file protein.cif (mmCIF, C-alpha atoms)
data_entry
loop_
_atom_site.label_atom_id
_atom_site.label_comp_id
_atom_site.auth_asym_id
_atom_site.auth_seq_id
_atom_site.Cartn_x
_atom_site.Cartn_y
_atom_site.Cartn_z
CA MET A 19 3.91 61.01 -77.43
CA ALA A 20 0.85 59.68 -75.70
CA PRO A 21 0.89 59.83 -71.95
CA ALA A 22 1.24 56.50 -70.13
CA LYS A 23 -1.93 55.03 -68.80
CA PRO A 24 -2.08 54.98 -65.06
CA ARG A 25 -1.88 51.48 -63.62
CA SER A 26 -4.80 50.31 -61.61
CA PRO A 27 -3.80 49.46 -58.09
CA ARG A 28 -3.52 45.74 -57.46
CA ALA A 29 -4.54 44.04 -54.28
CA PRO A 30 -1.60 42.46 -52.53
CA LYS A 31 -1.28 38.79 -53.25
CA PRO A 32 -2.26 36.83 -50.16
CA LYS A 33 0.41 34.65 -48.80
CA SER A 34 -0.16 31.22 -47.39
CA GLY A 35 0.28 30.58 -43.70
CA ALA A 36 3.56 28.79 -44.32
CA GLU A 37 4.95 31.75 -46.26
CA SER A 38 3.69 34.54 -44.04
CA ASP A 39 6.30 36.40 -42.08
CA HIS A 40 3.82 38.37 -40.04
CA ALA A 41 3.33 37.57 -36.35
CA GLY A 42 0.09 35.92 -35.43
CA PRO A 43 -2.13 36.75 -32.48
CA THR A 44 -0.54 34.03 -30.36
CA ASP A 45 3.09 34.83 -31.21
CA ILE A 46 5.19 36.51 -28.53
CA THR A 47 8.02 38.58 -29.95
CA ASP A 48 9.55 39.66 -26.67
CA PRO A 49 12.06 36.91 -25.70
CA LEU A 50 11.69 37.67 -21.99
CA ILE A 51 7.92 37.33 -22.08
CA ARG A 52 8.23 34.21 -24.23
CA THR A 53 10.56 32.60 -21.66
CA GLU A 54 8.25 33.49 -18.79
CA ALA A 55 5.26 32.16 -20.71
CA LYS A 56 7.02 28.83 -21.15
CA ARG A 57 7.76 28.69 -17.44
CA ALA A 58 4.15 29.54 -16.64
CA ALA A 59 2.99 26.78 -18.98
CA VAL A 60 5.22 24.30 -17.17
CA TRP A 61 3.85 25.30 -13.77
CA LEU A 62 0.27 25.23 -15.05
CA GLY A 63 0.92 21.79 -16.50
CA MET A 64 2.32 20.57 -13.19
CA ALA A 65 -0.69 21.97 -11.34
CA ALA A 66 -3.05 20.27 -13.80
CA LEU A 67 -1.14 17.01 -13.38
CA LEU A 68 -1.42 17.30 -9.60
CA VAL A 69 -5.18 17.90 -9.82
CA LEU A 70 -5.53 14.95 -12.19
CA THR A 71 -3.50 12.75 -9.81
CA ILE A 72 -5.74 13.70 -6.90
CA TYR A 73 -8.84 13.03 -8.98
CA LEU A 74 -7.46 9.62 -10.05
CA ALA A 75 -5.92 8.80 -6.67
CA GLN A 76 -8.07 5.73 -6.07
CA PRO A 77 -7.30 4.06 -9.44
CA LEU A 78 -3.61 4.92 -9.04
CA LEU A 79 -3.65 3.33 -5.59
CA VAL A 80 -5.18 0.18 -7.08
CA ILE A 81 -2.38 0.08 -9.66
CA PHE A 82 0.20 0.51 -6.92
CA GLY A 83 -1.50 -2.28 -4.97
CA GLY A 84 -1.08 -4.51 -8.00
CA MET A 85 2.62 -3.65 -8.08
CA VAL A 86 2.97 -4.44 -4.37
CA PHE A 87 1.35 -7.85 -4.66
CA ALA A 88 3.29 -8.50 -7.85
CA ALA A 89 6.44 -8.00 -5.78
CA MET A 90 5.19 -10.74 -3.43
CA ILE A 91 4.65 -13.10 -6.36
CA ASP A 92 8.01 -12.15 -7.84
CA GLY A 93 9.73 -12.76 -4.53
CA GLY A 94 8.19 -16.23 -4.28
CA ALA A 95 9.23 -17.02 -7.86
CA ARG A 96 12.79 -15.89 -7.17
CA LEU A 97 12.88 -18.02 -4.02
CA LEU A 98 11.72 -21.06 -5.97
CA GLY A 99 14.37 -20.33 -8.58
CA ARG A 100 17.05 -21.17 -6.02
CA VAL A 101 15.85 -24.78 -5.80
CA LEU A 102 13.94 -25.33 -9.07
CA PRO A 103 15.90 -24.65 -12.30
CA ILE A 104 12.78 -24.04 -14.41
CA GLY A 105 11.43 -21.09 -16.34
CA ARG A 106 10.12 -18.00 -14.63
CA GLY A 107 6.61 -18.50 -15.97
CA TRP A 108 6.40 -21.94 -14.37
CA ARG A 109 7.68 -20.62 -11.06
CA VAL A 110 5.12 -17.81 -11.04
CA THR A 111 2.41 -20.36 -11.82
CA ILE A 112 3.50 -22.54 -8.89
CA VAL A 113 3.37 -19.56 -6.52
CA LEU A 114 -0.13 -18.65 -7.70
CA VAL A 115 -1.36 -22.25 -7.39
CA LEU A 116 0.00 -22.49 -3.84
CA ALA A 117 -1.66 -19.19 -2.90
CA VAL A 118 -5.03 -20.29 -4.32
CA ALA A 119 -4.70 -23.68 -2.59
CA PHE A 120 -4.07 -21.99 0.75
CA LEU A 121 -7.10 -19.72 0.37
CA ALA A 122 -9.24 -22.70 -0.61
CA TRP A 123 -8.05 -24.62 2.45
CA VAL A 124 -8.93 -21.72 4.73
CA ALA A 125 -12.37 -21.43 3.15
CA MET A 126 -13.13 -25.16 3.24
CA PHE A 127 -11.70 -26.30 6.57
CA ALA A 128 -11.63 -23.16 8.68
CA GLY A 129 -14.26 -20.97 7.07
CA THR A 130 -17.29 -22.32 8.94
CA GLN A 131 -15.68 -22.15 12.36
CA ILE A 132 -14.16 -18.71 11.77
CA THR A 133 -17.48 -17.33 10.48
CA ALA A 134 -19.29 -18.53 13.60
CA GLU A 135 -16.61 -17.06 15.85
CA ALA A 136 -16.66 -13.78 13.92
CA ALA A 137 -20.39 -13.43 14.62
CA GLN A 138 -19.78 -13.80 18.37
CA LEU A 139 -16.76 -11.53 18.68
CA PRO A 140 -18.54 -8.11 18.52
CA GLY A 141 -20.87 -9.06 21.37
CA ILE A 142 -17.98 -10.18 23.57
CA ILE A 143 -16.02 -7.01 22.83
CA LYS A 144 -19.01 -4.83 23.73
CA THR A 145 -19.64 -6.68 26.99
CA GLN A 146 -16.02 -6.43 28.08
CA ALA A 147 -15.86 -2.75 27.15
CA PHE A 148 -18.85 -1.95 29.37
CA LYS A 149 -17.31 -3.99 32.22
CA PHE A 150 -14.10 -2.00 31.88
CA ALA A 151 -16.10 1.26 31.89
CA ASP A 152 -17.89 0.20 35.09
CA TRP A 153 -14.54 -0.57 36.71
CA LEU A 154 -13.23 2.87 35.74
CA GLN A 155 -16.26 4.52 37.32
CA LEU A 156 -15.64 2.61 40.54
CA GLN A 157 -12.09 4.00 40.52
CA GLY A 158 -13.45 7.55 40.38
CA VAL A 159 -13.18 8.26 36.65
CA LYS A 160 -16.14 10.39 35.55
CA PHE A 161 -17.59 10.36 32.03
CA GLU A 162 -20.96 10.39 30.32
CA THR A 163 -22.40 6.91 29.96
CA GLN A 164 -24.39 7.81 26.85
CA SER A 165 -21.34 9.17 25.02
CA LEU A 166 -19.33 6.11 26.00
CA SER A 167 -22.09 3.83 24.73
CA GLY A 168 -22.07 5.54 21.35
CA LEU A 169 -18.29 5.29 21.15
CA ILE A 170 -18.36 1.59 22.01
CA ASP A 171 -21.06 0.96 19.41
CA LYS A 172 -18.90 2.62 16.73
CA ALA A 173 -15.86 0.60 17.77
CA VAL A 174 -17.84 -2.63 17.79
CA GLY A 175 -19.20 -1.72 14.37
CA GLY A 176 -15.63 -1.49 13.09
CA VAL A 177 -14.80 -4.87 14.62
CA SER A 178 -17.94 -6.32 13.03
CA GLN A 179 -16.85 -5.08 9.61
CA LEU A 180 -13.37 -6.53 10.07
CA THR A 181 -14.58 -9.91 11.26
CA SER A 182 -17.22 -10.04 8.55
CA ALA A 183 -14.52 -9.52 5.96
CA VAL A 184 -12.44 -12.27 7.55
CA GLY A 185 -15.45 -14.55 7.87
CA GLY A 186 -16.25 -14.45 4.18
CA VAL A 187 -18.25 -11.27 3.49
CA ILE A 188 -15.50 -9.67 1.47
CA GLY A 189 -16.01 -6.00 0.74
CA ALA A 190 -14.73 -4.24 -2.37
CA PHE A 191 -14.46 -7.50 -4.30
CA THR A 192 -13.96 -5.69 -7.59
CA THR A 193 -10.98 -3.74 -6.26
CA ALA A 194 -9.39 -6.90 -4.85
CA PHE A 195 -9.96 -8.71 -8.14
CA LEU A 196 -8.38 -5.89 -10.16
CA ILE A 197 -5.37 -5.80 -7.86
CA ALA A 198 -4.93 -9.57 -8.18
CA VAL A 199 -5.20 -9.53 -11.98
CA MET A 200 -2.79 -6.62 -12.32
CA ALA A 201 -0.37 -8.29 -9.91
CA ILE A 202 -0.32 -11.41 -12.11
CA TYR A 203 0.34 -9.37 -15.27
CA PHE A 204 3.11 -7.37 -13.57
CA ALA A 205 4.72 -10.51 -12.13
CA LEU A 206 4.72 -12.44 -15.40
CA GLU A 207 6.55 -9.79 -17.45
CA PRO A 208 7.98 -7.07 -15.21
CA GLN A 209 10.62 -6.05 -17.76
CA LEU A 210 7.95 -5.31 -20.35
CA TYR A 211 6.30 -2.65 -18.18
CA ARG A 212 9.61 -1.27 -16.98
CA ARG A 213 10.89 -0.81 -20.53
CA GLY A 214 7.59 0.74 -21.58
CA PHE A 215 7.70 3.33 -18.83
CA ALA A 216 11.39 4.05 -19.45
CA TRP A 217 10.60 4.65 -23.15
CA LEU A 218 8.39 7.58 -22.12
CA LEU A 219 11.32 9.28 -20.42
CA PRO A 220 14.11 11.31 -22.11
CA LEU A 221 17.20 9.36 -23.09
CA GLY A 222 19.28 10.97 -20.39
CA GLU A 223 16.87 9.86 -17.65
CA ARG A 224 16.43 6.21 -18.62
CA GLU A 225 19.59 4.86 -17.02
CA HIS A 226 18.79 6.61 -13.74
CA PHE A 227 15.24 5.25 -13.85
CA GLU A 228 16.45 1.69 -14.48
CA GLY A 229 18.75 1.84 -11.48
CA THR A 230 16.06 3.35 -9.27
CA ALA A 231 13.46 0.79 -10.38
CA THR A 232 15.86 -2.07 -9.65
CA ILE A 233 16.55 -0.84 -6.13
CA MET A 234 12.84 -0.19 -5.54
CA GLY A 235 11.94 -3.73 -6.58
CA LYS A 236 14.62 -5.24 -4.36
CA THR A 237 13.58 -3.12 -1.37
CA LEU A 238 9.91 -3.89 -1.87
CA ARG A 239 10.50 -7.65 -2.10
CA ARG A 240 12.53 -7.69 1.09
CA LEU A 241 10.08 -5.47 2.92
CA LEU A 242 7.14 -7.68 1.99
CA ALA A 243 9.10 -10.85 2.76
CA GLY A 244 9.61 -9.57 6.29
CA ARG A 245 5.93 -8.68 6.57
CA LEU A 246 4.79 -12.12 5.39
CA LEU A 247 7.23 -13.92 7.69
CA GLY A 248 6.04 -11.90 10.66
CA MET A 249 2.38 -12.42 9.73
CA GLY A 250 2.79 -16.18 9.52
CA ILE A 251 4.73 -16.54 12.76
CA GLU A 252 2.47 -14.21 14.77
CA GLY A 253 -0.72 -15.83 13.48
CA VAL A 254 0.35 -19.43 14.00
CA ALA A 255 1.98 -18.80 17.38
CA THR A 256 -1.05 -16.89 18.67
CA TRP A 257 -3.46 -19.59 17.52
CA PHE A 258 -1.32 -22.39 18.99
CA LEU A 259 -0.80 -20.75 22.39
CA LEU A 260 -4.42 -19.63 22.77
CA ALA A 261 -5.87 -22.95 21.64
CA GLY A 262 -3.59 -24.82 24.05
CA TYR A 263 -5.04 -22.90 27.00
CA GLY A 264 -8.62 -23.22 25.78
CA VAL A 265 -9.20 -19.56 24.92
CA PRO A 266 -12.40 -19.18 22.85
CA MET A 267 -12.08 -18.08 19.24
CA ALA A 268 -8.40 -19.01 19.13
CA GLY A 269 -8.55 -19.62 15.37
CA LEU A 270 -10.16 -16.27 14.64
CA LEU A 271 -7.81 -14.39 16.95
CA GLY A 272 -4.81 -16.07 15.37
CA LEU A 273 -6.03 -15.18 11.88
CA LEU A 274 -6.74 -11.57 12.87
CA THR A 275 -3.33 -11.28 14.52
CA GLY A 276 -1.62 -12.57 11.39
CA LEU A 277 -3.55 -10.27 9.06
CA LEU A 278 -3.12 -7.19 11.25
CA ALA A 279 0.63 -7.86 11.44
CA PHE A 280 0.78 -6.50 7.88
CA LEU A 281 0.11 -3.07 9.41
CA PRO A 282 3.17 -2.16 11.51
CA ASN A 283 2.64 0.05 14.57
CA ILE A 284 -1.16 -0.16 14.26
CA GLY A 285 -2.06 -3.81 13.73
CA ALA A 286 -0.34 -5.22 16.82
CA PRO A 287 -2.16 -3.02 19.42
CA ILE A 288 -5.52 -3.73 17.78
CA SER A 289 -5.03 -7.50 17.73
CA GLY A 290 -3.68 -7.41 21.29
CA ALA A 291 -6.71 -5.48 22.56
CA LEU A 292 -9.08 -7.95 20.92
CA MET A 293 -7.17 -10.89 22.31
CA ILE A 294 -7.14 -9.58 25.88
CA MET A 295 -10.84 -8.65 25.80
CA VAL A 296 -11.81 -12.11 24.64
CA GLY A 297 -9.53 -13.60 27.30
CA PHE A 298 -11.19 -11.68 30.13
CA SER A 299 -14.57 -12.98 28.98
CA GLY A 300 -13.39 -16.34 30.35
CA GLY A 301 -12.09 -14.97 33.62
CA ALA A 302 -9.22 -12.95 35.04
CA GLU A 303 -6.69 -15.77 34.72
CA MET A 304 -7.48 -16.31 31.05
CA GLY A 305 -7.29 -12.56 30.43
CA LEU A 306 -3.85 -12.36 32.04
CA TYR A 307 -2.72 -15.38 30.02
CA CYS A 308 -3.83 -13.69 26.79
CA ALA A 309 -1.92 -10.56 27.80
CA ILE A 310 1.20 -12.66 28.39
CA VAL A 311 0.77 -14.40 25.02
CA TYR A 312 0.47 -11.05 23.28
CA VAL A 313 3.61 -9.69 24.96
CA VAL A 314 5.65 -12.84 24.25
CA VAL A 315 4.62 -13.02 20.60
CA GLN A 316 5.32 -9.33 20.03
CA VAL A 317 8.67 -9.47 21.85
CA VAL A 318 9.83 -12.47 19.80
CA ASP A 319 8.61 -10.97 16.54
CA GLY A 320 9.81 -7.45 17.29
CA ASN A 321 13.23 -8.31 18.73
CA ILE A 322 14.25 -11.43 16.81
CA ILE A 323 12.36 -11.90 13.55
CA VAL A 324 11.79 -8.34 12.37
CA PRO A 325 15.37 -7.09 13.07
CA MET A 326 16.79 -10.13 11.29
CA VAL A 327 14.86 -9.24 8.15
CA ALA A 328 14.59 -5.47 8.52
CA LYS A 329 18.33 -4.87 8.73
CA ARG A 330 18.52 -5.77 5.03
CA THR A 331 15.34 -3.96 3.96
CA ALA A 332 14.13 -0.36 3.98
CA ASP A 333 15.19 1.48 7.11
CA LEU A 334 11.97 3.36 7.86
CA ALA A 335 11.40 5.56 10.89
CA PRO A 336 8.41 4.25 12.91
CA ALA A 337 6.90 7.73 13.40
CA LEU A 338 7.11 8.37 9.65
CA VAL A 339 5.36 5.10 8.85
CA LEU A 340 2.69 5.75 11.49
CA GLY A 341 2.01 9.23 10.12
CA ALA A 342 1.73 7.88 6.58
CA GLN A 343 -0.66 5.17 7.77
CA LEU A 344 -2.88 7.72 9.48
CA ILE A 345 -3.01 9.94 6.40
CA MET A 346 -3.49 7.13 3.89
CA GLY A 347 -6.05 5.44 6.11
CA ALA A 348 -8.06 8.64 6.45
CA LEU A 349 -7.97 9.28 2.69
CA PHE A 350 -8.40 5.78 1.25
CA GLY A 351 -9.55 3.53 4.07
CA LEU A 352 -8.18 0.02 4.60
CA LEU A 353 -6.46 -0.13 1.20
CA GLY A 354 -4.54 3.07 1.91
CA LEU A 355 -3.60 1.79 5.34
CA MET A 356 -2.21 -1.43 3.89
CA LEU A 357 -0.19 0.31 1.18
CA ALA A 358 1.18 3.18 3.27
CA ASP A 359 4.30 1.29 4.36
CA PRO A 360 5.37 0.16 0.84
CA LEU A 361 4.61 3.63 -0.54
CA VAL A 362 6.84 5.32 2.03
CA ALA A 363 9.62 2.83 1.25
CA MET A 364 9.41 3.58 -2.48
CA ILE A 365 9.45 7.35 -1.91
CA LYS A 366 12.46 6.95 0.37
CA VAL A 367 14.38 5.02 -2.31
CA ALA A 368 13.54 7.65 -4.95
CA LEU A 369 14.71 10.50 -2.71
CA GLU A 370 17.93 8.70 -1.82
CA ARG A 371 18.69 8.05 -5.47
CA GLN A 372 18.07 11.70 -6.35
CA SER A 373 20.29 12.79 -3.48
CA GLU A 374 23.11 10.56 -4.73
CA ARG A 375 22.64 11.98 -8.21
CA ASN A 376 22.87 15.54 -6.94
CA GLU A 377 26.05 14.74 -5.01
CA GLU A 378 27.66 13.24 -8.12
CA ALA A 379 26.66 16.27 -10.17
CA GLY A 380 28.02 18.64 -7.55
#

call {"tool": "encode", "arguments": {"input": "protein.cif", "output": "structure tokens"}}
result
Amino acid sequence: MAPAKPRSPRAPKPKSGAESDHAGPTDITDPLIRTEAKRAAVWLGMAALLVLTIYLAQPLLVIFGGMVFAAMIDGGARLLGRVLPIGRGWRVTIVLVLAVAFLAWVAMFAGTQITAEAAQLPGIIKTQAFKFADWLQLQGVKFETQSLSGLIDKAVGGVSQLTSAVGGVIGAFTTAFLIAVMAIYFALEPQLYRRGFAWLLPLGEREHFEGTATIMGKTLRRLLAGRLLGMGIEGVATWFLLAGYGVPMAGLLGLLTGLLAFLPNIGAPISGALMIMVGFSGGAEMGLYCAIVYVVVQVVDGNIIVPMVAKRTADLAPALVLGAQLIMGALFGLLGLMLADPLVAMIKVALERQSERNEEAG
């Protein structure tokens, strides 16, 4: 019997990736290490998201600004809905037309006068500041004149920028335009964007998000309604009282007072200082009258109007709002300063909702 021929060794048949049971270089077999790696990936992802948010902070702030001004438009449309039984689109259109008509009226009938007054205001502020410095030196207060002059020049430069913006030289036009366009889109179909964002969340989180978004929208509308009411009353009352006494630049001071009223805790002292300085340029009696006007307007607005509206809006601590304004103003300038108050209100609503959720779960 012939001996069997030895079989030639065969190379193992390669298996496809789908059929291979061997661990790859990226597989982690240890369950403990695999769990920790997942946790590390989550933390790294959160850190990357935070860095990306910081890098895109300015565009995100513009988007939030569009949401804030959309809340104003939405509030006006809801107010019209109480007296006009028409579609939401028509009501939003009416609000936008009224807003554009008001801006056109300001530009056409008050623009020339306000621009001329805005050009004079920095010089008056500088003169009065130096007079006040001279009076302090007579009272025994010692300071370097050169340092004070530089400080006054910087302050007057800030006033010049503000009045130039009011007078018609509008800075950051592109940002303002983007905010306005986004506000219109948000106001026309708010449910579309809310549903789209909720779709990105897990099913278990959507109901909580819907409730939080509803409360946020309601809080923001009421907060901004109070701001707009206070701005209108402060601006008109200041203009009327100053013009009745013959204070120069009454129209500009009234407009600045109304605009700065949008910034709680910060706007009122700035507008009051400008008003009193301009008043003292016409004499001591006029300066004292301007001081009285400032106090009366702020007392009426702070003790009657604001509490009437604020008791049904976001209950924000003044020191918290002031701190947020300082931080946002330092990081993002005037836009951050304007949006600090609404941003704090939204964060407060989100934290309260999460706290209620935790209590229910506990």

call {"tool": "closest_residue", "arguments": {"input": "protein.cif", "among": "A:Gly235, A:Ser299, A:Leu67, A:Tyr307", "to": "Gly262 (chain A)", "atoms": "only C-alpha atoms"}}
result
A:Tyr307

call {"tool": "residues_around", "arguments": {"input": "protein.cif", "residues": "Glu303 (chain A)", "least_positions_apart": "6", "cutoff": "12 Å", "atoms": "only C-alpha atoms", "output": "ChimeraX atom specification"}}
result
/A:263-265,294,296-297,309-310

call {"tool": "resolve_selection", "arguments": {"input": "protein.cif", "expression": "the PyMOL selection byres ((chain A and resi 341-348) around 10)", "output": "list in words"}}
result
Leu281, Pro282, Asn283, Ile284, Pro336, Ala337, Leu338, Val339, Leu340, Leu349, Phe350, Gly351, Leu352, Leu353, Gly354, Leu355, Met356, Leu357, Ala358, Asp359, Leu361 and Val362 of chain A

call {"tool": "write_last_selection", "arguments": {"input": "protein.cif", "atoms": "C-alpha atoms", "output": "PDB file, in the frame of the given file"}}
result
ATOM      1  CA  LEU A 281       0.110  -3.070   9.410  1.00  0.00           C
ATOM      2  CA  PRO A 282       3.170  -2.160  11.510  1.00  0.00           C
ATOM      3  CA  ASN A 283       2.640   0.050  14.570  1.00  0.00           C
ATOM      4  CA  ILE A 284      -1.160  -0.160  14.260  1.00  0.00           C
ATOM      5  CA  PRO A 336       8.410   4.250  12.910  1.00  0.00           C
ATOM      6  CA  ALA A 337       6.900   7.730  13.400  1.00  0.00           C
ATOM      7  CA  LEU A 338       7.110   8.370   9.650  1.00  0.00           C
ATOM      8  CA  VAL A 339       5.360   5.100   8.850  1.00  0.00           C
ATOM      9  CA  LEU A 340       2.690   5.750  11.490  1.00  0.00           C
ATOM     10  CA  LEU A 349      -7.970   9.280   2.690  1.00  0.00           C
ATOM     11  CA  PHE A 350      -8.400   5.780   1.250  1.00  0.00           C
ATOM     12  CA  GLY A 351      -9.550   3.530   4.070  1.00  0.00           C
ATOM     13  CA  LEU A 352      -8.180   0.020   4.600  1.00  0.00           C
ATOM     14  CA  LEU A 353      -6.460  -0.130   1.200  1.00  0.00           C
ATOM     15  CA  GLY A 354      -4.540   3.070   1.910  1.00  0.00           C
ATOM     16  CA  LEU A 355      -3.600   1.790   5.340  1.00  0.00           C
ATOM     17  CA  MET A 356      -2.210  -1.430   3.890  1.00  0.00           C
ATOM     18  CA  LEU A 357      -0.190   0.310   1.180  1.00  0.00           C
ATOM     19  CA  ALA A 358       1.180   3.180   3.270  1.00  0.00           C
ATOM     20  CA  ASP A 359       4.300   1.290   4.360  1.00  0.00           C
ATOM     21  CA  LEU A 361       4.610   3.630  -0.540  1.00  0.00           C
ATOM     22  CA  VAL A 362       6.840   5.320   2.030  1.00  0.00           C
TER      23      VAL A 362
END

call {"tool": "resolve_selection", "arguments": {"input": "protein.cif", "expression": "the PyMOL selection byres ((chain A and resi 80) around 12)", "output": "compact mmCIF listing (two decimals) with C-alpha atoms, in the coordinates of the input"}}
result
# COMPACT_ATOMS: atom_id res chain seq x y z
CA LEU A 74 -7.46 9.62 -10.05
CA ALA A 75 -5.92 8.80 -6.67
CA GLN A 76 -8.07 5.73 -6.07
CA PRO A 77 -7.30 4.06 -9.44
CA LEU A 78 -3.61 4.92 -9.04
CA LEU A 79 -3.65 3.33 -5.59
CA ILE A 81 -2.38 0.08 -9.66
CA PHE A 82 0.20 0.51 -6.92
CA GLY A 83 -1.50 -2.28 -4.97
CA GLY A 84 -1.08 -4.51 -8.00
CA MET A 85 2.62 -3.65 -8.08
CA VAL A 86 2.97 -4.44 -4.37
CA PHE A 87 1.35 -7.85 -4.66
CA ALA A 190 -14.73 -4.24 -2.37
CA THR A 192 -13.96 -5.69 -7.59
CA THR A 193 -10.98 -3.74 -6.26
CA ALA A 194 -9.39 -6.90 -4.85
CA PHE A 195 -9.96 -8.71 -8.14
CA LEU A 196 -8.38 -5.89 -10.16
CA ILE A 197 -5.37 -5.80 -7.86
CA ALA A 198 -4.93 -9.57 -8.18
CA VAL A 199 -5.20 -9.53 -11.98
CA MET A 200 -2.79 -6.62 -12.32
CA ALA A 201 -0.37 -8.29 -9.91
CA PHE A 350 -8.40 5.78 1.25
CA LEU A 353 -6.46 -0.13 1.20
CA GLY A 354 -4.54 3.07 1.91
CA MET A 356 -2.21 -1.43 3.89
CA LEU A 357 -0.19 0.31 1.18

call {"tool": "atom_distance", "arguments": {"input": "protein.cif", "atom1": "CA of Ala89 (chain A)", "atom2": "CA of Ala205 (chain A)"}}
result
7.0 Å

call {"tool": "resolve_selection", "arguments": {"input": "protein.cif", "expression": "the PyMOL selection byres ((chain A and resi 104-111) around 12)", "output": "MDAnalysis selection string"}}
result
chainID A and resid 88:103 112:118 201:208

call {"tool": "atom_distance", "arguments": {"input": "protein.cif", "atom1": "CA of Gly300 (chain A)", "atom2": "CA of Phe280 (chain A)"}}
result
28.3 Å

call {"tool": "closest_residue", "arguments": {"input": "protein.cif", "among": "A:Asp319, A:Glu225, A:Glu374, A:Glu54", "to": "Arg245 (chain A)", "atoms": "all atoms listed in the file"}}
result
A:Asp319

call {"tool": "closest_residue", "arguments": {"input": "protein.cif", "among": "A:Met64, A:Leu221, A:Ala122, A:Ile251", "to": "Val315 (chain A)", "atoms": "only C-alpha atoms"}}
result
A:Ile251

call {"tool": "atom_distance", "arguments": {"input": "protein.cif", "atom1": "CA of Gly290 (chain A)", "atom2": "CA of Tyr312 (chain A)"}}
result
5.9 Å

call {"tool": "residues_near_point", "arguments": {"input": "protein.cif", "point": "(-5.7, -17.6, 12.7)", "cutoff": "9 Å", "atoms": "all atoms listed in the file", "output": "list in words"}}
result
Ile132, Gly253, Val254, Thr256, Trp257, Ala268, Gly269, Leu270, Leu271, Gly272, Leu273, Leu274, Thr275, Gly276 and Leu277 of chain A

call {"tool": "decode", "arguments": {"input": "protein.cif", "residues": "region 234-275 of chain A", "atoms": "C-alpha atoms", "output": "mmCIF file, in the first residue's frame"}}
result
data_model
loop_
_atom_site.group_PDB
_atom_site.id
_atom_site.type_symbol
_atom_site.label_atom_id
_atom_site.label_comp_id
_atom_site.auth_asym_id
_atom_site.auth_seq_id
_atom_site.Cartn_x
_atom_site.Cartn_y
_atom_site.Cartn_z
ATOM 1 C CA MET A 234 -39.649 81.397 28.222
ATOM 2 C CA GLY A 235 -41.651 83.026 25.446
ATOM 3 C CA LYS A 236 -44.287 84.299 27.860
ATOM 4 C CA THR A 237 -41.666 85.668 30.256
ATOM 5 C CA LEU A 238 -39.709 87.327 27.469
ATOM 6 C CA ARG A 239 -42.807 89.015 26.001
ATOM 7 C CA ARG A 240 -43.820 90.429 29.365
ATOM 8 C CA LEU A 241 -40.305 91.532 30.196
ATOM 9 C CA LEU A 242 -39.936 93.372 26.901
ATOM 10 C CA ALA A 243 -43.430 94.857 27.171
ATOM 11 C CA GLY A 244 -42.411 96.418 30.467
ATOM 12 C CA ARG A 245 -39.185 97.696 28.934
ATOM 13 C CA LEU A 246 -40.966 99.271 25.963
ATOM 14 C CA LEU A 247 -43.622 100.868 28.169
ATOM 15 C CA GLY A 248 -40.971 102.349 30.428
ATOM 16 C CA MET A 249 -38.913 103.560 27.453
ATOM 17 C CA GLY A 250 -41.874 105.336 25.908
ATOM 18 C CA ILE A 251 -43.050 107.001 29.103
ATOM 19 C CA GLU A 252 -39.563 108.088 30.209
ATOM 20 C CA GLY A 253 -38.646 109.454 26.780
ATOM 21 C CA VAL A 254 -41.859 111.377 26.179
ATOM 22 C CA ALA A 255 -42.102 112.720 29.737
ATOM 23 C CA THR A 256 -38.464 113.861 29.723
ATOM 24 C CA TRP A 257 -38.844 115.600 26.367
ATOM 25 C CA PHE A 258 -42.109 117.295 27.389
ATOM 26 C CA LEU A 259 -40.854 118.554 30.760
ATOM 27 C CA LEU A 260 -37.496 119.750 29.428
ATOM 28 C CA ALA A 261 -38.979 121.436 26.370
ATOM 29 C CA GLY A 262 -41.563 123.206 28.530
ATOM 30 C CA TYR A 263 -38.801 124.850 30.580
ATOM 31 C CA GLY A 264 -36.693 125.692 27.535
ATOM 32 C CA VAL A 265 -33.824 123.283 28.202
ATOM 33 C CA PRO A 266 -31.606 122.977 25.103
ATOM 34 C CA MET A 267 -31.539 119.667 23.268
ATOM 35 C CA ALA A 268 -34.779 118.532 24.899
ATOM 36 C CA GLY A 269 -35.610 116.276 21.942
ATOM 37 C CA LEU A 270 -32.219 114.572 21.968
ATOM 38 C CA LEU A 271 -32.226 114.143 25.744
ATOM 39 C CA GLY A 272 -35.716 112.677 25.635
ATOM 40 C CA LEU A 273 -34.705 110.230 22.913
ATOM 41 C CA LEU A 274 -31.535 109.212 24.757
ATOM 42 C CA THR A 275 -33.484 108.763 27.990
#
